[in-house]
Amino acid sequence: MKVLTVTPNPSLDHTVELAVLTRGEVHRALAGSVEAGGKGVNVARALARHGHPATAVLPSGGVDGARLEALLAPQRVRALTVPITGTIRTNTTVVEADGTTTKLNEPGPELTADDVESLQRSVSCGLDDDPDWFVSSGSLPPGAPLDLHARFVRAARRAGVRSAVDTSGPALGAAVEAAPDVLKPNEDELAELLGRELHTVGDVVAAAAELRERGVGEVLVSLGGAGALLVGDDGVVWAGGEPLVPLSTVGAGDCTLAGFLHASGTPAQRLATAVAWGRAAVLLPGSAVPGQDETSRAATAVRTLTDPDPDTLVKDLQR
Ligand SMILES: O=P(O)(O)OC[C@@]1(O)O[C@H](CO)[C@@H](O)[C@@H]1O
């Protein structure tokens, strides 16, 4: 399975480990690490670790852009970088001993109209290689048009390549209009998109169904510790497992999407694999992505349920 991803706003992911975070205090960190990050970059890294040919399109600029490229180089991801004058952002994650994860994401560099044009050209080049999947992921940096993910999805469709989108806020609303084959919002992103709270399984399924009526193929809703729901042509499936104490939840959603694209079989089997990859990711520090051993081990703890009771509260799905 060959994959092409684009990340309009990649990041150096800096992770700091603390016993407990106290606002307004000076902390001595227990450990720190830096990784190449950004949602599409993470999807490419996870799939590459599982032996899939993965190409990541991303803007790169400044010393931090060079560092990001250097961190990506040994990970078997082919990077199609678009040189920009701005500097790649640094996103900081604070992980406390009990697994609580606090994330501070910078806005990213201002993209010029030429940068956006070059990104679109690089995506077109990547699509010429005939990937099996195209993934457009993450936030949009300043200067990027709101419909950038939608433009990429339409380019993929013209090239006959299936597309998946994972973004948030107004960019998510714009992406829905392009009707990607797979949309991976989390519960909060879906609630924000539809402007209402989603408490029960029925609420989430109705929200996903609305997006499908607008042309989206499958909706994969990640629910954090409560697993994930898949709404598609064959109905509704849930997958999850026993609660875990996370080392870091950063990138778990990206690994869930990567696992979903990697998997084959019934919707339940594909969702189970997706959830296994997400669960394997939370047991790793920072933005680290799991390998074959970790995802196979995680898969043994995942259970699935077809047509879960719509009245069940999402937070009770695990029970
Ligand atoms: O600010 P965005 O683009 O929404 O998210 C960026 C980010 O939080 O997403 C990844 C985890 O999913 C991290 O590698 C990265 O720091």
# chains A, B, ... in the order shown; residues from 1 in each chain; ligands from 1
$ residues_around --residues "segment 160-174 of chain A" --least-positions-apart "4" --cutoff "6 Å" --atoms "only C-alpha atoms" --output "tab-separated table (two decimals) with C-alpha atoms, in the first residue's frame"
chain	number	residue	atom	x	y	z
A	133	TRP	CA	-4.15	6.60	-0.52
A	134	PHE	CA	-3.71	10.34	-0.16
A	135	VAL	CA	-3.90	11.87	3.33
A	136	SER	CA	-4.36	15.62	3.91
A	137	SER	CA	-3.89	16.43	7.57
A	138	GLY	CA	-3.51	19.02	10.27
A	139	SER	CA	-4.11	22.71	10.82
A	146	LEU	CA	-9.30	27.79	4.20
A	147	ASP	CA	-10.21	25.35	1.44
A	156	ALA	CA	-6.64	13.42	-5.60
A	180	PRO	CA	-13.19	12.84	0.93
A	181	ASP	CA	-13.43	9.03	1.03
A	182	VAL	CA	-12.49	9.00	4.72
A	183	LEU	CA	-12.85	11.74	7.33
A	184	LYS	CA	-11.22	11.27	10.76
A	189	GLU	CA	-13.96	18.31	16.26
$ select_by_dssp --residues "segment 49-231 of chain A" --states "helix (DSSP H, G or I)" --output "VMD selection string"
chain A and resid 49 62 to 75 113 to 128 148 to 158 169 to 176 187 to 194 201 to 213 224 to 226
$ closest_atom_pairs --of "chain A" --to "ligand 1" --cutoff "6 Å" --atoms "only C-alpha atoms and all ligand atoms" --output "tab-separated table"
residue	atom	partner	partner_atom_place_in_ligand_line	distance
A:Asn9	CA	ligand 1	3 (O)	5.7
A:Ser11	CA	ligand 1	16 (O)	5.7
A:Asp13	CA	ligand 1	16 (O)	5.3
A:Gly37	CA	ligand 1	14 (O)	3.7
A:Gly38	CA	ligand 1	14 (O)	3.9
A:Lys39	CA	ligand 1	10 (C)	4.4
A:Asn91	CA	ligand 1	16 (O)	5.0
A:Asn105	CA	ligand 1	1 (O)	5.5
A:Gly138	CA	ligand 1	3 (O)	3.7
A:Ser139	CA	ligand 1	3 (O)	3.7
A:Val250	CA	ligand 1	11 (C)	4.9
A:Gly251	CA	ligand 1	11 (C)	3.8
A:Gly253	CA	ligand 1	12 (O)	6.0
A:Asp254	CA	ligand 1	12 (O)	5.5
A:Ser287	CA	ligand 1	14 (O)	6.0
$ atom_distance --atom1 "atom CA of Thr273 of chain A" --atom2 "atom CA of Asn186 of chain A"
17.1 Å
$ closest_residue --among "A:Leu190, A:Arg196, A:Val20, A:Ala179" --to "Gly215 of chain A" --atoms "only C-alpha atoms"
A:Ala179
$ residues_around --residues "Ala54 of chain A" --least-positions-apart "6" --cutoff "8 Å" --atoms "only C-alpha atoms" --output "list of chain:residue names"
A:Lys2, A:Val3, A:Leu4, A:Thr5, A:Ala44, A:Arg45, A:Leu47, A:Ala48, A:Arg76, A:Val77, A:Arg78
$ closest_residue --among "A:Gln318, A:Gln75, A:Thr81, A:Gln292" --to "Pro59 of chain A" --atoms "only C-alpha atoms"
A:Thr81
$ residues_around --residues "Leu223 of chain A" --least-positions-apart "2" --cutoff "9 Å" --atoms "only C-alpha atoms" --output "CSV table (one decimal) with N, CA and C atoms, in the first residue's frame"
chain,number,residue,atom,x,y,z
A,186,ASN,N,-12.1,13.8,15.6
A,186,ASN,CA,-12.3,13.3,16.9
A,186,ASN,C,-13.7,13.8,17.4
A,187,GLU,N,-14.2,13.3,18.5
A,187,GLU,CA,-15.5,13.7,19.0
A,187,GLU,C,-15.7,15.2,19.1
A,188,ASP,N,-14.7,15.9,19.6
A,188,ASP,CA,-14.8,17.4,19.9
A,188,ASP,C,-14.8,18.1,18.5
A,221,VAL,N,-14.5,8.2,13.7
A,221,VAL,CA,-14.5,9.2,14.8
A,221,VAL,C,-13.7,8.6,16.0
A,225,GLY,N,-9.9,7.7,25.0
A,225,GLY,CA,-9.9,6.5,25.8
A,225,GLY,C,-11.1,5.6,25.5
A,226,ALA,N,-12.1,6.1,24.9
A,226,ALA,CA,-13.4,5.3,24.6
A,226,ALA,C,-13.3,4.6,23.3
A,227,GLY,N,-12.2,4.6,22.6
A,227,GLY,CA,-12.0,3.8,21.4
A,227,GLY,C,-12.4,4.6,20.2
A,228,ALA,N,-13.1,4.0,19.2
A,228,ALA,CA,-13.5,4.8,18.0
A,228,ALA,C,-14.7,4.2,17.4
A,229,LEU,N,-15.5,5.0,16.6
A,229,LEU,CA,-16.7,4.5,15.9
A,229,LEU,C,-16.4,4.7,14.4
A,314,VAL,N,-21.1,8.0,25.2
A,314,VAL,CA,-19.8,7.7,24.7
A,314,VAL,C,-18.8,7.3,25.7
A,315,LYS,N,-18.8,8.0,26.9
A,315,LYS,CA,-17.8,7.8,27.9
A,315,LYS,C,-18.0,6.4,28.6
$ closest_residue --among "A:Glu294, A:Glu242, A:Glu25, A:Glu197" --to "Asp316 of chain A" --atoms "only C-alpha atoms"
A:Glu242
$ decode --residues "segment 108-145 of chain A" --atoms "N, CA, C and O atoms" --output "PDB file, in the first residue's frame"
ATOM      1  N   GLY A 108       2.436  28.605  13.346  1.00  0.00           N
ATOM      2  CA  GLY A 108       3.166  28.223  12.128  1.00  0.00           C
ATOM      3  C   GLY A 108       3.527  29.439  11.300  1.00  0.00           C
ATOM      4  O   GLY A 108       3.046  30.545  11.546  1.00  0.00           O
ATOM      5  N   PRO A 109       4.387  29.234  10.288  1.00  0.00           N
ATOM      6  CA  PRO A 109       4.869  30.358   9.477  1.00  0.00           C
ATOM      7  C   PRO A 109       3.800  30.853   8.522  1.00  0.00           C
ATOM      8  O   PRO A 109       2.918  30.099   8.116  1.00  0.00           O
ATOM      9  N   GLU A 110       3.901  32.115   8.151  1.00  0.00           N
ATOM     10  CA  GLU A 110       2.992  32.693   7.156  1.00  0.00           C
ATOM     11  C   GLU A 110       3.359  32.117   5.780  1.00  0.00           C
ATOM     12  O   GLU A 110       4.513  32.174   5.359  1.00  0.00           O
ATOM     13  N   LEU A 111       2.393  31.519   5.100  1.00  0.00           N
ATOM     14  CA  LEU A 111       2.656  31.036   3.737  1.00  0.00           C
ATOM     15  C   LEU A 111       2.271  32.129   2.738  1.00  0.00           C
ATOM     16  O   LEU A 111       1.233  32.776   2.891  1.00  0.00           O
ATOM     17  N   THR A 112       3.090  32.311   1.719  1.00  0.00           N
ATOM     18  CA  THR A 112       2.750  33.262   0.653  1.00  0.00           C
ATOM     19  C   THR A 112       1.908  32.524  -0.390  1.00  0.00           C
ATOM     20  O   THR A 112       1.822  31.281  -0.384  1.00  0.00           O
ATOM     21  N   ALA A 113       1.331  33.310  -1.320  1.00  0.00           N
ATOM     22  CA  ALA A 113       0.545  32.686  -2.396  1.00  0.00           C
ATOM     23  C   ALA A 113       1.443  31.746  -3.204  1.00  0.00           C
ATOM     24  O   ALA A 113       1.004  30.663  -3.634  1.00  0.00           O
ATOM     25  N   ASP A 114       2.730  32.125  -3.370  1.00  0.00           N
ATOM     26  CA  ASP A 114       3.655  31.254  -4.115  1.00  0.00           C
ATOM     27  C   ASP A 114       3.908  29.944  -3.356  1.00  0.00           C
ATOM     28  O   ASP A 114       4.008  28.873  -3.958  1.00  0.00           O
ATOM     29  N   ASP A 115       4.025  30.039  -2.013  1.00  0.00           N
ATOM     30  CA  ASP A 115       4.234  28.814  -1.210  1.00  0.00           C
ATOM     31  C   ASP A 115       3.052  27.856  -1.403  1.00  0.00           C
ATOM     32  O   ASP A 115       3.232  26.639  -1.566  1.00  0.00           O
ATOM     33  N   VAL A 116       1.834  28.430  -1.362  1.00  0.00           N
ATOM     34  CA  VAL A 116       0.625  27.604  -1.495  1.00  0.00           C
ATOM     35  C   VAL A 116       0.605  26.948  -2.877  1.00  0.00           C
ATOM     36  O   VAL A 116       0.328  25.745  -3.015  1.00  0.00           O
ATOM     37  N   GLU A 117       0.954  27.728  -3.876  1.00  0.00           N
ATOM     38  CA  GLU A 117       1.018  27.227  -5.254  1.00  0.00           C
ATOM     39  C   GLU A 117       2.021  26.069  -5.354  1.00  0.00           C
ATOM     40  O   GLU A 117       1.736  25.018  -5.937  1.00  0.00           O
ATOM     41  N   SER A 118       3.192  26.257  -4.720  1.00  0.00           N
ATOM     42  CA  SER A 118       4.230  25.207  -4.767  1.00  0.00           C
ATOM     43  C   SER A 118       3.787  23.944  -4.038  1.00  0.00           C
ATOM     44  O   SER A 118       4.081  22.827  -4.472  1.00  0.00           O
ATOM     45  N   LEU A 119       3.065  24.143  -2.910  1.00  0.00           N
ATOM     46  CA  LEU A 119       2.559  22.967  -2.174  1.00  0.00           C
ATOM     47  C   LEU A 119       1.608  22.171  -3.060  1.00  0.00           C
ATOM     48  O   LEU A 119       1.675  20.933  -3.123  1.00  0.00           O
ATOM     49  N   GLN A 120       0.724  22.912  -3.750  1.00  0.00           N
ATOM     50  CA  GLN A 120      -0.252  22.239  -4.619  1.00  0.00           C
ATOM     51  C   GLN A 120       0.466  21.495  -5.747  1.00  0.00           C
ATOM     52  O   GLN A 120       0.096  20.379  -6.098  1.00  0.00           O
ATOM     53  N   ARG A 121       1.525  22.119  -6.272  1.00  0.00           N
ATOM     54  CA  ARG A 121       2.290  21.458  -7.353  1.00  0.00           C
ATOM     55  C   ARG A 121       2.959  20.189  -6.831  1.00  0.00           C
ATOM     56  O   ARG A 121       2.970  19.160  -7.507  1.00  0.00           O
ATOM     57  N   SER A 122       3.495  20.256  -5.601  1.00  0.00           N
ATOM     58  CA  SER A 122       4.169  19.075  -5.035  1.00  0.00           C
ATOM     59  C   SER A 122       3.175  17.947  -4.794  1.00  0.00           C
ATOM     60  O   SER A 122       3.492  16.771  -5.002  1.00  0.00           O
ATOM     61  N   VAL A 123       1.973  18.309  -4.337  1.00  0.00           N
ATOM     62  CA  VAL A 123       0.950  17.272  -4.136  1.00  0.00           C
ATOM     63  C   VAL A 123       0.610  16.640  -5.490  1.00  0.00           C
ATOM     64  O   VAL A 123       0.514  15.408  -5.607  1.00  0.00           O
ATOM     65  N   SER A 124       0.464  17.464  -6.527  1.00  0.00           N
ATOM     66  CA  SER A 124       0.167  16.915  -7.862  1.00  0.00           C
ATOM     67  C   SER A 124       1.270  15.966  -8.313  1.00  0.00           C
ATOM     68  O   SER A 124       0.997  14.893  -8.856  1.00  0.00           O
ATOM     69  N   CYS A 125       2.532  16.359  -8.060  1.00  0.00           N
ATOM     70  CA  CYS A 125       3.675  15.482  -8.418  1.00  0.00           C
ATOM     71  C   CYS A 125       3.559  14.150  -7.688  1.00  0.00           C
ATOM     72  O   CYS A 125       3.736  13.092  -8.272  1.00  0.00           O
ATOM     73  N   GLY A 126       3.268  14.225  -6.391  1.00  0.00           N
ATOM     74  CA  GLY A 126       3.133  13.001  -5.589  1.00  0.00           C
ATOM     75  C   GLY A 126       1.992  12.132  -6.100  1.00  0.00           C
ATOM     76  O   GLY A 126       2.090  10.899  -6.124  1.00  0.00           O
ATOM     77  N   LEU A 127       0.906  12.762  -6.531  1.00  0.00           N
ATOM     78  CA  LEU A 127      -0.244  12.001  -7.034  1.00  0.00           C
ATOM     79  C   LEU A 127       0.086  11.308  -8.355  1.00  0.00           C
ATOM     80  O   LEU A 127      -0.460  10.250  -8.667  1.00  0.00           O
ATOM     81  N   ASP A 128       1.027  11.904  -9.116  1.00  0.00           N
ATOM     82  CA  ASP A 128       1.447  11.282 -10.382  1.00  0.00           C
ATOM     83  C   ASP A 128       2.089   9.925 -10.157  1.00  0.00           C
ATOM     84  O   ASP A 128       2.166   9.105 -11.066  1.00  0.00           O
ATOM     85  N   ASP A 129       2.585   9.685  -8.928  1.00  0.00           N
ATOM     86  CA  ASP A 129       3.210   8.398  -8.588  1.00  0.00           C
ATOM     87  C   ASP A 129       2.183   7.316  -8.302  1.00  0.00           C
ATOM     88  O   ASP A 129       2.536   6.209  -7.911  1.00  0.00           O
ATOM     89  N   ASP A 130       0.901   7.678  -8.404  1.00  0.00           N
ATOM     90  CA  ASP A 130      -0.183   6.719  -8.261  1.00  0.00           C
ATOM     91  C   ASP A 130      -0.249   6.028  -6.890  1.00  0.00           C
ATOM     92  O   ASP A 130      -0.263   4.793  -6.813  1.00  0.00           O
ATOM     93  N   PRO A 131      -0.293   6.808  -5.797  1.00  0.00           N
ATOM     94  CA  PRO A 131      -0.410   6.175  -4.473  1.00  0.00           C
ATOM     95  C   PRO A 131      -1.789   5.513  -4.309  1.00  0.00           C
ATOM     96  O   PRO A 131      -2.727   5.851  -5.027  1.00  0.00           O
ATOM     97  N   ASP A 132      -1.880   4.579  -3.351  1.00  0.00           N
ATOM     98  CA  ASP A 132      -3.185   3.953  -3.073  1.00  0.00           C
ATOM     99  C   ASP A 132      -4.054   4.875  -2.237  1.00  0.00           C
ATOM    100  O   ASP A 132      -5.264   4.830  -2.305  1.00  0.00           O
ATOM    101  N   TRP A 133      -3.418   5.664  -1.383  1.00  0.00           N
ATOM    102  CA  TRP A 133      -4.148   6.601  -0.525  1.00  0.00           C
ATOM    103  C   TRP A 133      -3.433   7.943  -0.497  1.00  0.00           C
ATOM    104  O   TRP A 133      -2.204   7.998  -0.521  1.00  0.00           O
ATOM    105  N   PHE A 134      -4.235   8.992  -0.371  1.00  0.00           N
ATOM    106  CA  PHE A 134      -3.708  10.336  -0.160  1.00  0.00           C
ATOM    107  C   PHE A 134      -4.297  10.844   1.154  1.00  0.00           C
ATOM    108  O   PHE A 134      -5.513  10.729   1.382  1.00  0.00           O
ATOM    109  N   VAL A 135      -3.451  11.386   2.021  1.00  0.00           N
ATOM    110  CA  VAL A 135      -3.905  11.873   3.329  1.00  0.00           C
ATOM    111  C   VAL A 135      -3.555  13.354   3.465  1.00  0.00           C
ATOM    112  O   VAL A 135      -2.393  13.735   3.323  1.00  0.00           O
ATOM    113  N   SER A 136      -4.564  14.183   3.739  1.00  0.00           N
ATOM    114  CA  SER A 136      -4.356  15.618   3.914  1.00  0.00           C
ATOM    115  C   SER A 136      -4.693  15.945   5.365  1.00  0.00           C
ATOM    116  O   SER A 136      -5.836  15.768   5.789  1.00  0.00           O
ATOM    117  N   SER A 137      -3.701  16.397   6.123  1.00  0.00           N
ATOM    118  CA  SER A 137      -3.887  16.432   7.574  1.00  0.00           C
ATOM    119  C   SER A 137      -3.344  17.664   8.259  1.00  0.00           C
ATOM    120  O   SER A 137      -2.338  18.242   7.841  1.00  0.00           O
ATOM    121  N   GLY A 138      -4.023  18.023   9.346  1.00  0.00           N
ATOM    122  CA  GLY A 138      -3.509  19.024  10.268  1.00  0.00           C
ATOM    123  C   GLY A 138      -4.093  20.404  10.051  1.00  0.00           C
ATOM    124  O   GLY A 138      -4.928  20.638   9.175  1.00  0.00           O
ATOM    125  N   SER A 139      -3.617  21.333  10.896  1.00  0.00           N
ATOM    126  CA  SER A 139      -4.106  22.714  10.820  1.00  0.00           C
ATOM    127  C   SER A 139      -3.505  23.417   9.610  1.00  0.00           C
ATOM    128  O   SER A 139      -2.550  22.928   9.002  1.00  0.00           O
ATOM    129  N   LEU A 140      -4.060  24.577   9.290  1.00  0.00           N
ATOM    130  CA  LEU A 140      -3.524  25.390   8.195  1.00  0.00           C
ATOM    131  C   LEU A 140      -2.738  26.553   8.794  1.00  0.00           C
ATOM    132  O   LEU A 140      -3.222  27.212   9.710  1.00  0.00           O
ATOM    133  N   PRO A 141      -1.536  26.813   8.277  1.00  0.00           N
ATOM    134  CA  PRO A 141      -0.762  27.952   8.797  1.00  0.00           C
ATOM    135  C   PRO A 141      -1.339  29.262   8.274  1.00  0.00           C
ATOM    136  O   PRO A 141      -2.116  29.256   7.309  1.00  0.00           O
ATOM    137  N   PRO A 142      -0.949  30.391   8.877  1.00  0.00           N
ATOM    138  CA  PRO A 142      -1.436  31.681   8.383  1.00  0.00           C
ATOM    139  C   PRO A 142      -1.104  31.821   6.890  1.00  0.00           C
ATOM    140  O   PRO A 142      -0.050  31.384   6.440  1.00  0.00           O
ATOM    141  N   GLY A 143      -2.032  32.420   6.159  1.00  0.00           N
ATOM    142  CA  GLY A 143      -1.794  32.645   4.731  1.00  0.00           C
ATOM    143  C   GLY A 143      -2.323  31.531   3.847  1.00  0.00           C
ATOM    144  O   GLY A 143      -2.516  31.721   2.648  1.00  0.00           O
ATOM    145  N   ALA A 144      -2.557  30.346   4.428  1.00  0.00           N
ATOM    146  CA  ALA A 144      -3.088  29.235   3.616  1.00  0.00           C
ATOM    147  C   ALA A 144      -4.594  29.434   3.442  1.00  0.00           C
ATOM    148  O   ALA A 144      -5.274  29.801   4.404  1.00  0.00           O
ATOM    149  N   PRO A 145      -5.120  29.197   2.255  1.00  0.00           N
ATOM    150  CA  PRO A 145      -6.566  29.357   2.078  1.00  0.00           C
ATOM    151  C   PRO A 145      -7.325  28.290   2.861  1.00  0.00           C
ATOM    152  O   PRO A 145      -6.849  27.161   3.004  1.00  0.00           O
TER     153      PRO A 145
END
